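K.L.:
Data: work_13.txt, compact mmCIF, C-alpha atoms.
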# COMPACT_ATOMS: atom_id res chain seq x y z
CA MET A 98 -48.87 -106.78 38.47
CA ALA A 99 -46.25 -109.48 38.01
CA HIS A 100 -47.14 -112.72 39.75
CA ALA A 101 -44.61 -114.72 41.71
CA ARG A 102 -43.86 -117.90 39.81
CA GLY A 103 -46.17 -120.74 40.63
CA SER A 104 -48.18 -119.34 43.47
CA GLY A 105 -50.37 -116.32 44.17
CA ILE A 106 -50.39 -114.31 47.38
CA LEU A 107 -53.17 -114.26 49.98
CA PHE A 108 -53.88 -110.69 51.09
CA VAL A 109 -55.94 -110.38 54.26
CA LEU A 110 -57.64 -107.03 54.79
CA SER A 111 -58.71 -106.63 58.38
CA GLY A 112 -58.93 -104.07 61.14
CA PRO A 113 -61.07 -102.68 63.94
CA SER A 114 -64.78 -102.09 63.65
CA GLY A 115 -65.46 -98.78 61.89
CA ALA A 116 -62.26 -98.78 59.82
CA GLY A 117 -64.14 -99.04 56.54
CA LYS A 118 -62.98 -102.52 55.47
CA GLY A 119 -66.04 -103.22 53.31
CA THR A 120 -65.89 -99.92 51.41
CA VAL A 121 -62.14 -100.22 50.78
CA CYS A 122 -62.45 -103.87 49.72
CA LYS A 123 -65.18 -103.05 47.20
CA ALA A 124 -63.21 -100.10 45.76
CA LEU A 125 -60.08 -102.24 45.53
CA MET A 126 -61.81 -105.04 43.67
CA GLU A 127 -63.09 -102.58 41.07
CA THR A 128 -59.49 -101.70 40.14
CA LEU A 129 -57.98 -105.20 40.35
CA PRO A 130 -59.56 -107.33 37.62
CA ASP A 131 -57.21 -110.28 38.26
CA MET A 132 -57.71 -110.39 42.02
CA ARG A 133 -59.94 -113.19 43.37
CA LEU A 134 -62.17 -112.18 46.26
CA SER A 135 -62.71 -114.88 48.84
CA VAL A 136 -66.43 -115.50 49.38
CA SER A 137 -67.55 -116.50 52.88
CA VAL A 138 -69.89 -119.32 53.76
CA THR A 139 -72.75 -118.65 56.18
CA THR A 140 -75.78 -120.35 57.68
CA ARG A 141 -77.86 -117.19 57.89
CA PRO A 142 -80.62 -116.93 55.29
CA PRO A 143 -79.91 -114.82 52.18
CA ARG A 144 -81.21 -111.24 52.27
CA PRO A 145 -83.11 -109.91 49.25
CA GLY A 146 -80.76 -109.60 46.28
CA GLU A 147 -77.97 -111.71 47.80
CA ARG A 148 -76.72 -114.49 45.55
CA HIS A 149 -75.14 -117.84 46.41
CA GLY A 150 -71.47 -117.77 45.44
CA VAL A 151 -71.38 -114.01 45.02
CA ASN A 152 -72.21 -112.46 48.40
CA TYR A 153 -71.98 -115.69 50.38
CA PHE A 154 -72.16 -119.43 50.00
CA PHE A 155 -75.40 -120.25 51.84
CA HIS A 156 -75.40 -123.57 53.68
CA THR A 157 -77.39 -125.31 56.38
CA LYS A 158 -76.02 -125.69 59.90
CA ALA A 159 -75.53 -129.41 59.34
CA GLU A 160 -73.54 -128.73 56.18
CA PHE A 161 -71.46 -126.05 57.96
CA GLU A 162 -70.69 -128.34 60.88
CA ALA A 163 -69.58 -131.02 58.42
CA MET A 164 -67.23 -128.46 56.81
CA ILE A 165 -65.73 -127.73 60.24
CA GLU A 166 -65.30 -131.46 60.90
CA ASN A 167 -63.62 -132.03 57.57
CA GLY A 168 -61.18 -129.12 57.96
CA GLU A 169 -62.72 -127.37 54.97
CA LEU A 170 -62.62 -123.90 56.60
CA LEU A 171 -59.59 -121.64 56.94
CA GLU A 172 -61.38 -119.90 59.81
CA TRP A 173 -64.89 -119.79 61.19
CA ALA A 174 -66.93 -118.18 63.97
CA ARG A 175 -70.37 -118.51 65.47
CA VAL A 176 -72.20 -115.19 65.82
CA PHE A 177 -75.39 -115.63 67.86
CA ASP A 178 -77.28 -118.39 66.05
CA ASN A 179 -75.33 -118.38 62.80
CA TYR A 180 -72.00 -119.61 61.52
CA TYR A 181 -69.65 -117.69 59.25
CA GLY A 182 -66.47 -119.06 57.71
CA THR A 183 -63.89 -118.98 54.90
CA PRO A 184 -63.78 -122.01 52.59
CA ARG A 185 -60.22 -123.29 52.33
CA ALA A 186 -60.57 -124.86 48.87
CA TYR A 187 -61.41 -121.62 47.00
CA VAL A 188 -58.40 -119.85 48.52
CA GLU A 189 -55.94 -122.69 48.02
CA GLU A 190 -57.01 -123.53 44.48
CA ASN A 191 -56.70 -119.92 43.34
CA LEU A 192 -53.31 -119.46 45.02
CA ALA A 193 -52.04 -122.68 43.45
CA ALA A 194 -53.21 -121.48 40.03
CA GLY A 195 -51.10 -118.30 40.51
CA HIS A 196 -53.95 -115.93 41.34
CA ASP A 197 -53.81 -113.49 44.23
CA VAL A 198 -56.71 -113.78 46.66
CA LEU A 199 -58.19 -110.97 48.78
CA LEU A 200 -59.94 -111.83 52.02
CA GLU A 201 -61.81 -109.16 54.01
CA ILE A 202 -62.35 -110.29 57.57
CA ASP A 203 -62.54 -109.19 61.21
CA ILE A 204 -59.53 -109.41 63.51
CA GLN A 205 -60.43 -112.70 65.17
CA GLY A 206 -60.87 -114.32 61.77
CA ALA A 207 -57.60 -112.85 60.51
CA MET A 208 -55.73 -114.31 63.47
CA GLN A 209 -57.16 -117.77 62.68
CA VAL A 210 -56.10 -117.37 59.04
CA LYS A 211 -52.62 -116.32 60.15
CA ARG A 212 -52.21 -119.54 62.11
CA ALA A 213 -53.35 -121.62 59.12
CA TYR A 214 -51.50 -119.61 56.47
CA PRO A 215 -48.67 -117.49 57.95
CA GLN A 216 -47.22 -116.75 54.50
CA GLY A 217 -50.26 -114.53 53.81
CA VAL A 218 -49.91 -110.74 53.86
CA PHE A 219 -51.88 -109.23 56.74
CA ILE A 220 -53.03 -105.64 56.31
CA PHE A 221 -54.56 -103.71 59.21
CA LEU A 222 -56.90 -100.91 58.13
CA ILE A 223 -57.54 -98.18 60.70
CA PRO A 224 -59.56 -94.97 60.82
CA PRO A 225 -57.43 -91.81 60.72
CA SER A 226 -58.09 -90.90 64.36
CA ALA A 227 -60.16 -91.66 67.43
CA THR A 228 -62.23 -88.54 66.68
CA GLU A 229 -62.97 -89.74 63.17
CA LEU A 230 -63.92 -93.20 64.40
CA GLU A 231 -66.33 -91.60 66.88
CA ALA A 232 -67.90 -89.61 64.06
CA ARG A 233 -68.22 -92.70 61.86
CA ILE A 234 -69.89 -94.78 64.57
CA LEU A 235 -72.26 -91.93 65.47
CA GLY A 236 -72.91 -91.24 61.78
CA ARG A 237 -74.66 -94.56 61.45
CA GLY A 238 -77.31 -93.04 63.73
CA THR A 239 -78.25 -96.46 65.11
CA GLU A 240 -76.27 -96.38 68.32
CA THR A 241 -77.46 -95.86 71.86
CA GLU A 242 -75.06 -94.22 74.32
CA ASP A 243 -74.19 -97.63 75.75
CA SER A 244 -73.65 -99.40 72.47
CA PHE A 245 -71.54 -96.47 71.27
CA ARG A 246 -69.26 -96.69 74.30
CA GLN A 247 -68.99 -100.43 73.80
CA ARG A 248 -68.11 -100.19 70.10
CA PHE A 249 -65.69 -97.32 70.65
CA GLY A 250 -63.96 -99.09 73.53
CA ALA A 251 -63.71 -102.29 71.48
CA ALA A 252 -62.13 -100.44 68.56
CA ARG A 253 -59.48 -98.85 70.82
CA HIS A 254 -58.72 -102.25 72.26
CA GLU A 255 -58.58 -103.84 68.81
CA LEU A 256 -56.05 -101.23 67.68
CA GLN A 257 -53.46 -102.98 69.84
CA MET A 258 -53.76 -106.01 67.53
CA MET A 259 -51.88 -104.00 64.88
CA LYS A 260 -48.60 -105.60 65.95
CA GLU A 261 -49.81 -108.99 64.69
CA TYR A 262 -50.02 -107.63 61.13
CA ASN A 263 -47.48 -106.90 58.38
CA TYR A 264 -48.85 -103.54 57.30
CA VAL A 265 -51.05 -100.78 58.66
CA VAL A 266 -53.01 -98.55 56.30
CA VAL A 267 -54.74 -95.41 57.51
CA ASN A 268 -58.12 -95.08 55.81
CA ASP A 269 -58.25 -91.30 55.58
CA VAL A 270 -59.58 -91.15 52.01
CA VAL A 271 -60.79 -94.40 50.42
CA GLU A 272 -58.88 -93.93 47.15
CA ALA A 273 -55.66 -93.07 49.02
CA ALA A 274 -56.04 -96.18 51.19
CA CYS A 275 -56.60 -98.29 48.06
CA GLU A 276 -53.50 -96.81 46.45
CA ARG A 277 -51.40 -97.80 49.48
CA ILE A 278 -52.84 -101.32 49.48
CA ARG A 279 -52.13 -101.74 45.76
CA ALA A 280 -48.54 -100.59 46.46
CA ILE A 281 -48.26 -103.22 49.21
CA MET A 282 -49.46 -105.87 46.73
CA THR A 283 -46.88 -104.82 44.13
CA ALA A 284 -44.10 -104.68 46.75
CA GLU A 285 -44.92 -108.13 48.12
CA HIS A 286 -44.59 -109.56 44.62
CA CYS A 287 -41.07 -108.08 44.59
CA SER A 288 -40.03 -109.50 47.97
CA VAL A 289 -36.88 -111.58 47.70
CA SER A 290 -38.37 -114.45 49.68
CA ARG A 291 -41.07 -114.86 47.00
CA ASN A 292 -38.56 -114.65 44.12
CA LEU A 293 -35.70 -116.92 45.10
CA HIS A 294 -36.38 -119.00 41.98
CA LEU A 295 -34.81 -116.14 39.95
CA MET A 296 -31.39 -117.06 41.37
CA SER A 297 -31.38 -120.44 39.68
CA GLU A 298 -32.73 -119.26 36.33
CA TRP A 299 -29.54 -117.81 34.92
CA MET B 14 -46.11 -90.49 50.28
CA ALA B 15 -46.81 -90.48 54.00
CA HIS B 16 -43.66 -90.35 56.11
CA ALA B 17 -43.18 -92.50 59.16
CA ARG B 18 -43.26 -90.27 62.21
CA GLY B 19 -39.88 -88.91 63.20
CA SER B 20 -37.60 -90.73 60.83
CA GLY B 21 -37.21 -91.22 57.11
CA ILE B 22 -36.29 -94.47 55.42
CA LEU B 23 -32.99 -95.27 53.70
CA PHE B 24 -33.60 -97.00 50.36
CA VAL B 25 -30.55 -98.69 48.87
CA LEU B 26 -30.73 -99.39 45.13
CA SER B 27 -28.13 -101.92 44.13
CA GLY B 28 -27.61 -104.90 41.87
CA PRO B 29 -25.25 -106.59 39.45
CA SER B 30 -23.29 -104.75 36.82
CA GLY B 31 -25.46 -104.08 33.77
CA ALA B 32 -28.77 -103.95 35.65
CA GLY B 33 -29.31 -100.28 34.82
CA LYS B 34 -29.03 -98.83 38.35
CA GLY B 35 -27.96 -95.37 37.18
CA THR B 36 -30.75 -95.00 34.63
CA VAL B 37 -33.42 -96.18 37.05
CA CYS B 38 -32.09 -93.98 39.86
CA LYS B 39 -32.16 -90.89 37.63
CA ALA B 40 -35.71 -91.64 36.42
CA LEU B 41 -36.86 -92.27 40.00
CA MET B 42 -35.46 -88.99 41.29
CA GLU B 43 -37.33 -87.08 38.59
CA THR B 44 -40.65 -88.35 39.99
CA LEU B 45 -39.84 -88.11 43.71
CA PRO B 46 -39.35 -84.42 44.57
CA ASP B 47 -39.10 -85.10 48.33
CA MET B 48 -36.52 -87.89 48.05
CA ARG B 49 -32.94 -86.97 48.99
CA LEU B 50 -30.27 -88.57 46.82
CA SER B 51 -27.12 -89.54 48.66
CA VAL B 52 -24.06 -87.98 46.98
CA SER B 53 -20.81 -89.95 47.08
CA VAL B 54 -17.40 -88.63 47.98
CA THR B 55 -14.44 -89.42 45.73
CA THR B 56 -10.78 -88.63 45.32
CA ARG B 57 -10.81 -88.84 41.54
CA PRO B 58 -10.66 -85.49 39.75
CA PRO B 59 -13.93 -83.99 38.50
CA ARG B 60 -14.77 -84.61 34.84
CA PRO B 61 -15.94 -81.68 32.70
CA GLY B 62 -19.35 -80.51 33.87
CA GLU B 63 -19.28 -82.38 37.19
CA ARG B 64 -20.06 -80.23 40.20
CA HIS B 65 -18.98 -80.61 43.84
CA GLY B 66 -21.97 -81.62 45.96
CA VAL B 67 -24.10 -82.56 42.93
CA ASN B 68 -22.31 -85.40 41.15
CA TYR B 69 -19.76 -86.06 43.89
CA PHE B 70 -18.06 -84.43 46.80
CA PHE B 71 -14.48 -84.09 45.56
CA HIS B 72 -11.81 -84.50 48.22
CA THR B 73 -8.08 -85.15 48.42
CA LYS B 74 -6.75 -88.53 49.48
CA ALA B 75 -5.61 -87.10 52.79
CA GLU B 76 -9.08 -85.72 53.44
CA PHE B 77 -10.69 -89.04 52.46
CA GLU B 78 -8.39 -91.02 54.72
CA ALA B 79 -9.25 -88.68 57.58
CA MET B 80 -12.95 -89.35 56.91
CA ILE B 81 -12.28 -93.12 57.14
CA GLU B 82 -10.37 -92.62 60.40
CA ASN B 83 -13.18 -90.53 61.90
CA GLY B 84 -15.93 -92.99 60.96
CA GLU B 85 -17.51 -90.41 58.67
CA LEU B 86 -18.30 -92.91 55.90
CA LEU B 87 -21.17 -95.41 55.82
CA GLU B 88 -19.16 -97.43 53.32
CA TRP B 89 -16.10 -96.91 51.15
CA ALA B 90 -13.94 -98.70 48.62
CA ARG B 91 -10.66 -98.16 46.86
CA VAL B 92 -10.86 -98.65 43.08
CA PHE B 93 -7.38 -98.64 41.55
CA ASP B 94 -5.87 -95.34 42.71
CA ASN B 95 -9.04 -93.65 43.89
CA TYR B 96 -11.37 -93.80 46.86
CA TYR B 97 -15.16 -93.72 46.70
CA GLY B 98 -17.47 -93.56 49.71
CA THR B 99 -20.83 -92.54 51.18
CA PRO B 100 -20.78 -89.72 53.75
CA ARG B 101 -22.65 -90.81 56.87
CA ALA B 102 -23.70 -87.31 58.00
CA TYR B 103 -25.78 -86.44 54.93
CA VAL B 104 -27.72 -89.72 55.20
CA GLU B 105 -28.25 -89.56 58.95
CA GLU B 106 -29.21 -85.89 59.06
CA ASN B 107 -31.83 -86.30 56.35
CA LEU B 108 -33.29 -89.46 57.91
CA ALA B 109 -33.49 -87.74 61.31
CA ALA B 110 -35.30 -84.80 59.70
CA GLY B 111 -37.91 -87.25 58.37
CA HIS B 112 -36.72 -87.33 54.76
CA ASP B 113 -36.29 -90.53 52.81
CA VAL B 114 -32.84 -91.02 51.30
CA LEU B 115 -31.99 -92.95 48.13
CA LEU B 116 -28.54 -94.45 47.74
CA GLU B 117 -27.43 -96.04 44.46
CA ILE B 118 -24.48 -98.28 44.99
CA ASP B 119 -22.74 -101.51 43.93
CA ILE B 120 -23.27 -104.76 45.82
CA GLN B 121 -20.12 -104.61 47.94
CA GLY B 122 -21.05 -101.10 49.06
CA ALA B 123 -24.62 -102.14 49.79
CA MET B 124 -23.42 -104.96 52.03
CA GLN B 125 -21.29 -102.49 54.01
CA VAL B 126 -24.29 -100.16 54.37
CA LYS B 127 -26.42 -103.09 55.53
CA ARG B 128 -24.01 -103.83 58.35
CA ALA B 129 -24.00 -100.17 59.42
CA TYR B 130 -27.73 -99.58 58.92
CA PRO B 131 -29.73 -102.84 58.80
CA GLN B 132 -33.06 -100.99 59.10
CA GLY B 133 -32.52 -99.69 55.55
CA VAL B 134 -34.55 -101.14 52.67
CA PHE B 135 -32.31 -103.02 50.25
CA ILE B 136 -33.53 -103.30 46.67
CA PHE B 137 -31.79 -105.56 44.16
CA LEU B 138 -32.21 -104.47 40.54
CA ILE B 139 -31.62 -107.14 37.90
CA PRO B 140 -31.76 -107.31 34.11
CA PRO B 141 -34.74 -109.30 32.79
CA SER B 142 -32.59 -112.23 31.60
CA ALA B 143 -29.10 -113.46 30.96
CA THR B 144 -29.66 -112.88 27.24
CA GLU B 145 -30.66 -109.28 27.85
CA LEU B 146 -27.66 -108.69 30.10
CA GLU B 147 -25.39 -110.06 27.36
CA ALA B 148 -26.96 -107.65 24.86
CA ARG B 149 -26.54 -104.70 27.25
CA ILE B 150 -22.89 -105.41 27.92
CA LEU B 151 -22.16 -105.91 24.20
CA GLY B 152 -24.23 -102.81 23.37
CA ARG B 153 -21.68 -100.61 25.06
CA GLY B 154 -19.32 -101.66 22.27
CA THR B 155 -16.28 -101.21 24.48
CA GLU B 156 -15.72 -104.82 25.46
CA THR B 157 -13.11 -107.25 24.30
CA GLU B 158 -14.02 -110.95 24.29
CA ASP B 159 -12.12 -111.42 27.55
CA SER B 160 -13.57 -108.46 29.35
CA PHE B 161 -17.06 -109.46 28.21
CA ARG B 162 -16.65 -112.96 29.66
CA GLN B 163 -15.35 -111.46 32.87
CA ARG B 164 -18.21 -108.96 33.24
CA PHE B 165 -20.85 -111.52 32.32
CA GLY B 166 -19.46 -114.13 34.70
CA ALA B 167 -19.29 -111.56 37.48
CA ALA B 168 -22.92 -110.55 36.93
CA ARG B 169 -24.10 -114.17 37.14
CA HIS B 170 -22.13 -114.61 40.33
CA GLU B 171 -23.47 -111.35 41.75
CA LEU B 172 -27.05 -112.51 41.12
CA GLN B 173 -26.63 -114.94 44.02
CA MET B 174 -26.34 -111.93 46.35
CA MET B 175 -30.07 -111.36 45.86
CA LYS B 176 -30.82 -113.28 49.04
CA GLU B 177 -29.14 -110.55 51.12
CA TYR B 178 -31.74 -107.99 49.95
CA ASN B 179 -35.34 -107.23 50.89
CA TYR B 180 -36.70 -106.81 47.38
CA VAL B 181 -35.81 -107.76 43.83
CA VAL B 182 -36.96 -105.63 40.92
CA VAL B 183 -36.64 -106.81 37.35
CA ASN B 184 -35.58 -103.91 35.13
CA ASP B 185 -37.45 -104.91 31.99
CA VAL B 186 -38.75 -101.41 31.16
CA VAL B 187 -37.32 -98.47 33.12
CA GLU B 188 -40.70 -96.88 33.90
CA ALA B 189 -42.14 -100.24 35.06
CA ALA B 190 -39.12 -100.80 37.32
CA CYS B 191 -39.56 -97.29 38.77
CA GLU B 192 -43.24 -97.97 39.41
CA ARG B 193 -42.36 -101.13 41.38
CA ILE B 194 -39.72 -99.27 43.38
CA ARG B 195 -42.16 -96.46 44.22
CA ALA B 196 -44.64 -99.13 45.35
CA ILE B 197 -41.96 -100.63 47.61
CA MET B 198 -41.35 -97.18 49.10
CA THR B 199 -45.05 -96.65 49.81
CA ALA B 200 -45.41 -100.17 51.25
CA GLU B 201 -42.42 -99.75 53.56
CA HIS B 202 -43.98 -96.59 54.98
CA CYS B 203 -47.02 -98.76 55.82
CA SER B 204 -45.03 -101.53 57.51
CA VAL B 205 -46.26 -102.14 61.06
CA SER B 206 -42.73 -102.10 62.49
CA ARG B 207 -42.34 -98.49 61.30
CA ASN B 208 -45.75 -97.42 62.63
CA LEU B 209 -45.97 -98.84 66.13
CA HIS B 210 -46.34 -95.28 67.47
CA LEU B 211 -49.92 -95.34 66.10
CA MET B 212 -50.88 -97.85 68.81
CA SER B 213 -50.25 -95.36 71.59
CA GLU B 214 -51.89 -92.39 69.92
CA TRP B 215 -55.50 -93.26 70.64
For this file, write the structure as structure tokens.
P.N.:
Amino acid sequence: MAHARGSGILFVLSGPSGAGKGTVCKALMETLPDMRLSVSVTTRPPRPGERHGVNYFFHTKAEFEAMIENGELLEWARVFDNYYGTPRAYVEENLAAGHDVLLEIDIQGAMQVKRAYPQGVFIFLIPPSATELEARILGRGTETEDSFRQRFGAARHELQMMKEYNYVVVNDVVEAACERIRAIMTAEHCSVSRNLHLMSEW
Amino acid sequence: MAHARGSGILFVLSGPSGAGKGTVCKALMETLPDMRLSVSVTTRPPRPGERHGVNYFFHTKAEFEAMIENGELLEWARVFDNYYGTPRAYVEENLAAGHDVLLEIDIQGAMQVKRAYPQGVFIFLIPPSATELEARILGRGTETEDSFRQRFGAARHELQMMKEYNYVVVNDVVEAACERIRAIMTAEHCSVSRNLHLMSEW
């Protein structure tokens, strides 16, 4: 994939709960050797097998709160007793060096990133249908009737956030969704607004 | 390629003289069986082997002028003694039936189409460099020194029209250029503005 001169592109993969963001992100990364995956920072303890700098950057609450204070996070959220966030430096340094960066994140996080970095490309991943989403949530087998209704209702509500994004990709088959996302990446590198430097090169 | 519900997309392939629009358009069509290629109408006589409705629609000047009068052309131009134009009906009928339409056209024509149909996707094809353009023009072997300077100067001037387009594709290798254009087509079908109907389907 040709890179825009000077600067890479930030691609934000987001979408409602149950869309399959994690699976698609992992499959994408396997086919994009030059893409840099943004690693989140968290205050929750590592689970067995998780490595600092690979799955997450693990920090204490005091360290995390200092990062917030110093504007070191592109976005962050507190979930129950733990913080999660996206380190700004990793993203900005890679973009400046001409590398594309992929960030997989929930909708609230994506909206924070959009405010901080509107020139990013925001991709909304959705399940193929309400029926399929229902099946996916139930398939986890961990839901009570109440929690199912809550998750399903939230996902329908979240679908309305689509209009805040640049692209919507239906995750019917993982490989097909990846193919569409790779096409979006190629197309964005061809957008005129990212290639105006070509006009002065002749 | 998934089609946006209800309506196809008009893709306009254009660019400066010497960019290789015709070659790329032909190669694209060979790999896109569902794409409809817009056929131009002209008043010049058919050359040997050219067929009505395939290479051009051949019409008399009186017929062409009636088409102008009746608003039947998306764009048209007079080149020396002959008219050339794009029939509106073929484009609009195919788009309404959900088919994508590809239109290969010079920059002046593309700008007319943009005024008539701004929701089209305008792709600017350019040679990889000024040096390469020079070689391509000279390679035709039909240029005098004067006509070369004129063509080359025009192409440099035309390059500034890039900013009126949505995408710019460098035609370094034909198959690579086609791959980028197919990616643009896929991406445009994923654009949120063409898929807002998904929000009301759940």
K.L.:
Please list as a PyMOL selection string every residue within 10 Å of Ile22 in chain B, counting all atoms listed in the file and excluding residues in the same chain fewer than 3 positions away.
P.N.:
chain B and resi 16-17+25+48+104+107-109+111-115+132-134+198+201-202+207
K.L.:
Would you mind listing, for every residue of range 111-187 of chain A within 12 Å of range 256-264 of chain A, the two atoms forming the shortest contact and the distance between them in Å to one decimal, using all atoms listed in the file, sorted by chain and ascending residue number, as CSV?
P.N.:
residue,atom,partner,partner_atom,distance
A:Ser111,CA,A:Tyr262,CA,9.2
A:Gly112,CA,A:Leu256,CA,7.7
A:Pro113,CA,A:Leu256,CA,6.4
A:Ser114,CA,A:Leu256,CA,9.7
A:Gly115,CA,A:Leu256,CA,11.3
A:Ala116,CA,A:Leu256,CA,10.3
K.L.:
Tell me, as a ChimeraX atom specification, which residues lie within 10 Å of Ala274 in chain A, counting only C-alpha atoms; anything in the same chain fewer than 6 positions away does not count.
P.N.:
/A:121,124-125,222-223,266-268,280
K.L.:
For the atom pair CA of Trp173 in chain A and CA of Phe249 in chain A, what is the interatomic distance in Å to one decimal place?
P.N.:
24.4 Å
K.L.:
Between CA of Arg162 in chain B and CA of Val92 in chain B, what is the distance in Å, rounded to a tenth?
P.N.:
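Those two atoms sit 20.5 Å apart.
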K.L.:
Identify which of the residues A:Ala251, A:Met296, A:Leu200, A:Val270 lies closest to chain B, counting all atoms listed in the file when measuring atom-to-atom distances.
P.N.:
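Smallest distance to chain B is found for A:Met296.
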K.L.:
Around all the atoms of range 107-123 of chain B listed in the file, draw an axis-aligned box and extend it by 3 Å on each of the six sides; I want its centre and edge lengths in Å to one decimal, as JSON.
P.N.:
{"center_x": -29.0, "center_y": -94.8, "center_z": 52.6, "size_x": 23.8, "size_y": 26.0, "size_z": 23.4}
K.L.:
Enter the distance from CA of Glu298 in chain A to CA of Gly33 in chain B, in Å, rounded to one decimal.
P.N.:
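About the pair CA of Glu298 in chain A and CA of Gly33 in chain B: they are 19.3 Å apart.
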K.L.:
My list of candidates is A:Pro225, A:Gly119, A:Pro184, A:Gly206. Which is closest to Tyr153 in chain A when distances are computed with all atoms listed in the file?
P.N.:
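That would be A:Pro184, the residue with the smallest distance to Tyr153 in chain A.
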K.L.:
Residues near Arg141 in chain A, anyone? I mean within 9 Å using all atoms listed in the file, not counting same-chain ones fewer than 6 positions away, as a VMD selection string.
P.N.:
chain A and resid 155 to 158 178 to 181
K.L.:
Leaving out Ala129 in chain B and any residue of its chain fewer than 5 positions from it, which residues lie within 9 Å of it when counting all atoms listed in the file, given as JSON, numbers by chain?
P.N.:
{"B": [87, 88, 124]}
K.L.:
Could you check which of B:Cys38, B:Leu23, B:Ala110, B:Ala75 is closest to Ile194 in chain B, using only C-alpha atoms?
P.N.:
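That would be B:Cys38, the residue with the smallest distance to Ile194 in chain B.
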K.L.:
Considering only C-alpha atoms, can you say which of A:Gly250, A:Gly236, A:Ala227, A:His149 comes closest to chain B?
P.N.:
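Smallest distance to chain B is found for A:Ala227.
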K.L.:
Select, from A:Val265, A:Ala252, A:Glu189, A:Gly168, the residue with the minimum atom-to-atom distance to Ser206 in chain B, counting only C-alpha atoms.
P.N.:
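Among the listed residues, A:Val265 lies closest to Ser206 in chain B.
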K.L.:
Measuring atom to atom with all atoms listed in the file, identify which of A:Glu190, A:Glu231, A:Val151, A:Ala174 is nearest to Val210 in chain A.
P.N.:
A:Ala174
